[in-house]
Each structure stands twice: as structure tokens, then as C-alpha cells.
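Shown next: coords32.cif, containing mmCIF, C-alpha atoms, pLDDT in the B column; chains and numbers go by the auth columns.
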data_structure
#
loop_
_atom_site.group_PDB
_atom_site.id
_atom_site.type_symbol
_atom_site.label_atom_id
_atom_site.label_comp_id
_atom_site.label_asym_id
_atom_site.label_seq_id
_atom_site.Cartn_x
_atom_site.Cartn_y
_atom_site.Cartn_z
_atom_site.B_iso_or_equiv
_atom_site.auth_seq_id
_atom_site.auth_asym_id
ATOM 1 C CA MET A 1 25.202 9.499 19.234 60.00 301 A
ATOM 2 C CA ASN A 2 22.590 11.635 20.965 65.00 302 A
ATOM 3 C CA ASP A 3 19.142 12.552 19.648 63.00 303 A
ATOM 4 C CA LEU A 4 20.282 16.043 18.599 66.00 304 A
ATOM 5 C CA ASN A 5 23.041 14.682 16.371 87.00 305 A
ATOM 6 C CA LEU A 6 20.743 12.007 14.980 87.00 306 A
ATOM 7 C CA ALA A 7 18.034 14.611 14.295 88.00 307 A
ATOM 8 C CA GLU A 8 20.569 16.688 12.344 91.00 308 A
ATOM 9 C CA ILE A 9 21.599 13.628 10.330 90.00 309 A
ATOM 10 C CA ILE A 10 17.953 12.809 9.573 90.00 310 A
ATOM 11 C CA ASP A 11 17.224 16.410 8.535 91.00 311 A
ATOM 12 C CA THR A 12 20.268 16.325 6.229 92.00 312 A
ATOM 13 C CA TYR A 13 19.186 13.054 4.610 92.00 313 A
ATOM 14 C CA ILE A 14 15.661 14.373 4.075 91.00 314 A
ATOM 15 C CA ALA A 15 16.963 17.643 2.603 91.00 315 A
ATOM 16 C CA ASN A 16 19.278 15.721 0.262 91.00 316 A
ATOM 17 C CA ILE A 17 16.467 13.499 -0.929 90.00 317 A
ATOM 18 C CA LEU A 18 14.090 16.427 -1.497 87.00 318 A
ATOM 19 C CA ALA A 19 16.794 18.393 -3.334 89.00 319 A
ATOM 20 C CA THR A 20 17.326 15.622 -5.876 86.00 320 A
ATOM 21 C CA PRO A 21 15.714 16.825 -9.138 83.00 321 A
ATOM 22 C CA GLU A 22 14.061 13.466 -9.839 76.00 322 A
ATOM 23 C CA VAL A 23 12.373 13.598 -6.437 78.00 323 A
ATOM 24 C CA ALA A 24 11.670 17.344 -6.331 69.00 324 A
ATOM 25 C CA LEU A 25 9.885 17.286 -9.679 66.00 325 A
ATOM 26 C CA SER A 26 7.900 14.143 -8.979 65.00 326 A
ATOM 27 C CA SER A 27 5.844 12.590 -6.221 62.00 327 A
ATOM 28 C CA SER A 28 7.029 9.134 -7.249 76.00 328 A
ATOM 29 C CA LEU A 29 7.381 6.840 -4.265 82.00 329 A
ATOM 30 C CA SER A 30 9.806 4.633 -6.154 86.00 330 A
ATOM 31 C CA LYS A 31 12.154 7.563 -6.779 86.00 331 A
ATOM 32 C CA ILE A 32 12.156 8.393 -3.080 89.00 332 A
ATOM 33 C CA GLU A 33 12.560 4.765 -2.011 91.00 333 A
ATOM 34 C CA SER A 34 15.435 4.163 -4.419 90.00 334 A
ATOM 35 C CA HIS A 35 17.425 7.191 -3.217 89.00 335 A
ATOM 36 C CA SER A 36 20.602 6.149 -1.369 91.00 336 A
ATOM 37 C CA ASP A 37 19.946 8.597 1.475 92.00 337 A
ATOM 38 C CA PHE A 38 16.448 7.161 1.928 93.00 338 A
ATOM 39 C CA ASN A 39 17.968 3.726 2.428 93.00 339 A
ATOM 40 C CA ARG A 40 20.438 5.182 4.926 93.00 340 A
ATOM 41 C CA LEU A 41 17.564 6.916 6.689 94.00 341 A
ATOM 42 C CA ILE A 42 15.441 3.821 7.160 96.00 342 A
ATOM 43 C CA SER A 43 18.481 1.776 8.193 96.00 343 A
ATOM 44 C CA PHE A 44 18.231 3.519 11.595 95.00 344 A
ATOM 45 C CA GLY A 45 14.982 1.612 12.122 96.00 345 A
ATOM 46 C CA SER A 46 12.472 2.285 14.862 95.00 346 A
ATOM 47 C CA ALA A 47 14.942 4.421 16.831 93.00 347 A
ATOM 48 C CA ILE A 48 14.173 7.346 14.530 95.00 348 A
ATOM 49 C CA VAL A 49 10.367 7.149 14.581 96.00 349 A
ATOM 50 C CA PRO A 50 10.071 9.900 17.240 95.00 350 A
ATOM 51 C CA LEU A 51 12.525 12.066 15.293 94.00 351 A
ATOM 52 C CA LEU A 52 10.646 11.583 12.030 95.00 352 A
ATOM 53 C CA LEU A 53 7.415 12.543 13.766 96.00 353 A
ATOM 54 C CA ARG A 54 9.087 15.630 15.249 94.00 354 A
ATOM 55 C CA HIS A 55 10.323 16.572 11.768 93.00 355 A
ATOM 56 C CA LEU A 56 6.815 16.024 10.412 94.00 356 A
ATOM 57 C CA GLN A 57 5.383 18.422 13.010 94.00 357 A
ATOM 58 C CA LYS A 58 7.668 21.182 11.751 93.00 358 A
ATOM 59 C CA GLU A 59 7.781 20.434 8.048 91.00 359 A
ATOM 60 C CA PRO A 60 5.494 17.799 6.490 92.00 360 A
ATOM 61 C CA ASP A 61 7.036 15.985 3.534 91.00 361 A
ATOM 62 C CA TRP A 62 6.613 12.740 1.640 90.00 362 A
ATOM 63 C CA VAL A 63 10.030 11.431 2.664 92.00 363 A
ATOM 64 C CA CYS A 64 9.031 11.279 6.346 94.00 364 A
ATOM 65 C CA LEU A 65 5.696 9.689 5.530 93.00 365 A
ATOM 66 C CA ILE A 66 7.220 6.983 3.377 93.00 366 A
ATOM 67 C CA ALA A 67 10.020 6.361 5.901 96.00 367 A
ATOM 68 C CA LEU A 68 7.483 5.993 8.715 97.00 368 A
ATOM 69 C CA ARG A 69 5.502 3.511 6.629 95.00 369 A
ATOM 70 C CA LYS A 70 8.617 1.486 5.771 96.00 370 A
ATOM 71 C CA ILE A 71 9.937 1.444 9.338 97.00 371 A
ATOM 72 C CA THR A 72 6.667 0.806 11.214 97.00 372 A
ATOM 73 C CA GLY A 73 4.721 -1.206 8.654 96.00 373 A
ATOM 74 C CA GLN A 74 1.758 1.037 9.479 95.00 374 A
ATOM 75 C CA TRP A 75 -0.361 3.382 7.367 92.00 375 A
ATOM 76 C CA PRO A 76 -2.757 5.144 9.731 94.00 376 A
ATOM 77 C CA CYS A 77 -4.460 7.172 7.015 89.00 377 A
ATOM 78 C CA GLN A 78 -7.970 6.928 5.712 82.00 378 A
ATOM 79 C CA LYS A 79 -8.646 6.249 2.062 79.00 379 A
ATOM 80 C CA HIS A 80 -10.047 9.763 1.613 73.00 380 A
ATOM 81 C CA ASP A 81 -6.671 11.185 2.753 73.00 381 A
ATOM 82 C CA ALA A 82 -4.873 9.646 -0.227 75.00 382 A
ATOM 83 C CA GLY A 83 -2.469 12.094 -1.817 77.00 383 A
ATOM 84 C CA ILE A 84 -3.162 14.948 0.610 86.00 384 A
ATOM 85 C CA LEU A 85 0.122 15.655 2.374 89.00 385 A
ATOM 86 C CA LEU A 86 -1.279 17.615 5.314 92.00 386 A
ATOM 87 C CA ASP A 87 -4.071 15.098 6.029 92.00 387 A
ATOM 88 C CA ILE A 88 -1.669 12.163 5.896 93.00 388 A
ATOM 89 C CA SER A 89 0.807 14.037 8.105 95.00 389 A
ATOM 90 C CA ASN A 90 -1.948 14.732 10.641 95.00 390 A
ATOM 91 C CA ALA A 91 -2.935 11.058 10.639 95.00 391 A
ATOM 92 C CA TRP A 92 0.677 10.101 11.369 97.00 392 A
ATOM 93 C CA LEU A 93 0.921 12.671 14.155 97.00 393 A
ATOM 94 C CA ALA A 94 -2.277 11.274 15.715 97.00 394 A
ATOM 95 C CA TRP A 95 -0.771 7.787 15.405 97.00 395 A
ATOM 96 C CA GLY A 96 2.381 9.061 17.125 97.00 396 A
ATOM 97 C CA ARG A 97 0.340 10.456 20.020 97.00 397 A
ATOM 98 C CA ASP A 98 -1.758 7.274 20.297 97.00 398 A
ATOM 99 C CA ASN A 99 1.384 5.130 20.372 97.00 399 A
ATOM 100 C CA GLY A 100 3.323 7.241 22.864 96.00 400 A
ATOM 101 C CA TYR A 101 5.859 8.736 20.457 94.00 401 A
ATOM 102 C CA ILE A 102 4.500 12.265 20.884 92.00 402 A
ATOM 103 C CA LYS A 103 3.534 13.662 24.264 85.00 403 A
#
Translate the structure described by the file into C-alpha cells.
Amino acid sequence: MNDLNLAEIIDTYIANILATPEVALSSSLSKIESHSDFNRLISFGSAIVPLLLRHLQKEPDWVCLIALRKITGQWPCQKHDAGILLDISNAWLAWGRDNGYIK
């Protein structure tokens, strides 16, 4: 499987998760984490970190942020960023650059 196919699969999983009414109408982490497609997504492990970051550059969403946290064990955000999607996304993108995932 090449990166293009994997990126399409990841985008599909993210879209499916975000389209689920329980997720779309809530910012509940537990609802995202319990979604079957979320579990499929994170099962790819660290191989998809660059693809999640690329997705985040185009379209920030909570699914990517939570998946990155689950896969990497990191949370590069400051306390004052809590709950602010764009600030948290920017912190992750900076982390991706600092760790060589984004050139």
C-alpha cells in the first residue's frame, strides 16, 4: 500500500468518524475514541503520523489531534491552548516540524 492509498483510507476514516451524529454534535473525546473507525485508524500506528499531520495542515479536526496523541503519546500543547482547535493544531504542526515529520 502506498502513501496515497493510505492517505485516502485515513481521510475516509476521519470523514466517517466526523459524520457520526454522536461525534458531530459533541466534542466528547470518549465518543471519538470509542468509534470503530478511530480504532482502525490508530491501528496503523506511527506509520500514519506524517499523513495525520498532512491532513491537519489542510483541515484541522479533533480526530487527528486525538489520534496523534494516542499514537505518539505526546501532547505538545500549552495549557492555555486547551480546547482551541486551531492553536492545538498549530502546536502539533510545530511538533511535526521539530521531529522531522514535516519539511
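Distance check against Gly373 in chain A using only C-alpha atoms: of A:Ser328, A:Asn339, A:Ser346, A:Ser334, the minimum falls on A:Ser346.
Straight-line separation from CA of Pro376 in chain A to CA of Leu306 in chain A: 25.0 Å.
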| Using all atoms listed in the file, can you list as a ChimeraX atom specification the residues within 10 Å of (0.2, 14.0, 14.8)? | /A:353-354,356-357,387-398,401-402
| said: Just the number, please: distance in Å from CA of Asp361 in chain A to CA of Arg340 in chain A, one decimal. | reply: 17.3 Å
| message | I'd like to know which of A:Leu368, A:Val363, A:Leu386, A:Ile342 is closest to Ile314 in chain A, using all atoms listed in the file. | response |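 Going through A:Leu368, A:Val363, A:Leu386, A:Ile342 one by one, the smallest distance to Ile314 in chain A is for A:Val363.
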| message | From the options A:Ala382, A:Ile371, A:Leu329, A:Val323, which residue's atoms come nearest to Pro350 in chain A, counting all atoms listed in the file? | response | A:Ile371
| query | Rounded to one decimal in Å, what is the spacing between CA of His335 in chain A and CA of Thr320 in chain A? | reply |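 Straight-line distance from CA of His335 in chain A to CA of Thr320 in chain A works out to 8.8 Å.
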| request: Taking the file above as input, evaluate the PyMOL selection byres ((chain A and resi 341) around 12) and report the hits as a PyMOL selection string. | output: chain A and resi 306-317+332-340+342-349+351-352+363-364+366-368+370-371
Using the file's own x, y and z axes, so that the box edges lie along x, y and z, what centre and edge lengths in Å (one decimal) does a box around every listed atom of range 359-363 of chain A get when 4 Å is added on each side? Give it as AutoDock Vina command-line options.
--center_x 7.8 --center_y 15.9 --center_z 4.8 --size_x 12.5 --size_y 17.0 --size_z 14.4
Please supply range 313-324 of chain A, rebuilt with N, CA and C atoms, as a compact mmCIF listing (two decimals), in the coordinates of the input.
# COMPACT_ATOMS: atom_id res chain seq x y z
N TYR A 313 19.61 14.07 5.58
CA TYR A 313 19.19 13.05 4.61
C TYR A 313 17.90 13.47 3.91
N ILE A 314 16.94 13.96 4.67
CA ILE A 314 15.66 14.37 4.08
C ILE A 314 15.88 15.52 3.09
N ALA A 315 16.68 16.51 3.49
CA ALA A 315 16.96 17.64 2.60
C ALA A 315 17.64 17.18 1.32
N ASN A 316 18.59 16.24 1.45
CA ASN A 316 19.28 15.72 0.26
C ASN A 316 18.32 15.01 -0.68
N ILE A 317 17.43 14.23 -0.11
CA ILE A 317 16.47 13.50 -0.93
C ILE A 317 15.55 14.48 -1.65
N LEU A 318 15.02 15.46 -0.91
CA LEU A 318 14.09 16.43 -1.50
C LEU A 318 14.76 17.34 -2.51
N ALA A 319 16.06 17.53 -2.40
CA ALA A 319 16.79 18.39 -3.33
C ALA A 319 17.16 17.69 -4.63
N THR A 320 17.02 16.38 -4.67
CA THR A 320 17.33 15.62 -5.88
C THR A 320 16.28 15.95 -6.93
N PRO A 321 16.69 16.41 -8.11
CA PRO A 321 15.71 16.82 -9.14
C PRO A 321 14.66 15.77 -9.45
N GLU A 322 15.04 14.51 -9.51
CA GLU A 322 14.06 13.47 -9.84
C GLU A 322 12.98 13.37 -8.77
N VAL A 323 13.34 13.65 -7.54
CA VAL A 323 12.37 13.60 -6.44
C VAL A 323 11.60 14.90 -6.36
N ALA A 324 12.30 16.03 -6.46
CA ALA A 324 11.67 17.34 -6.33
C ALA A 324 10.61 17.59 -7.40
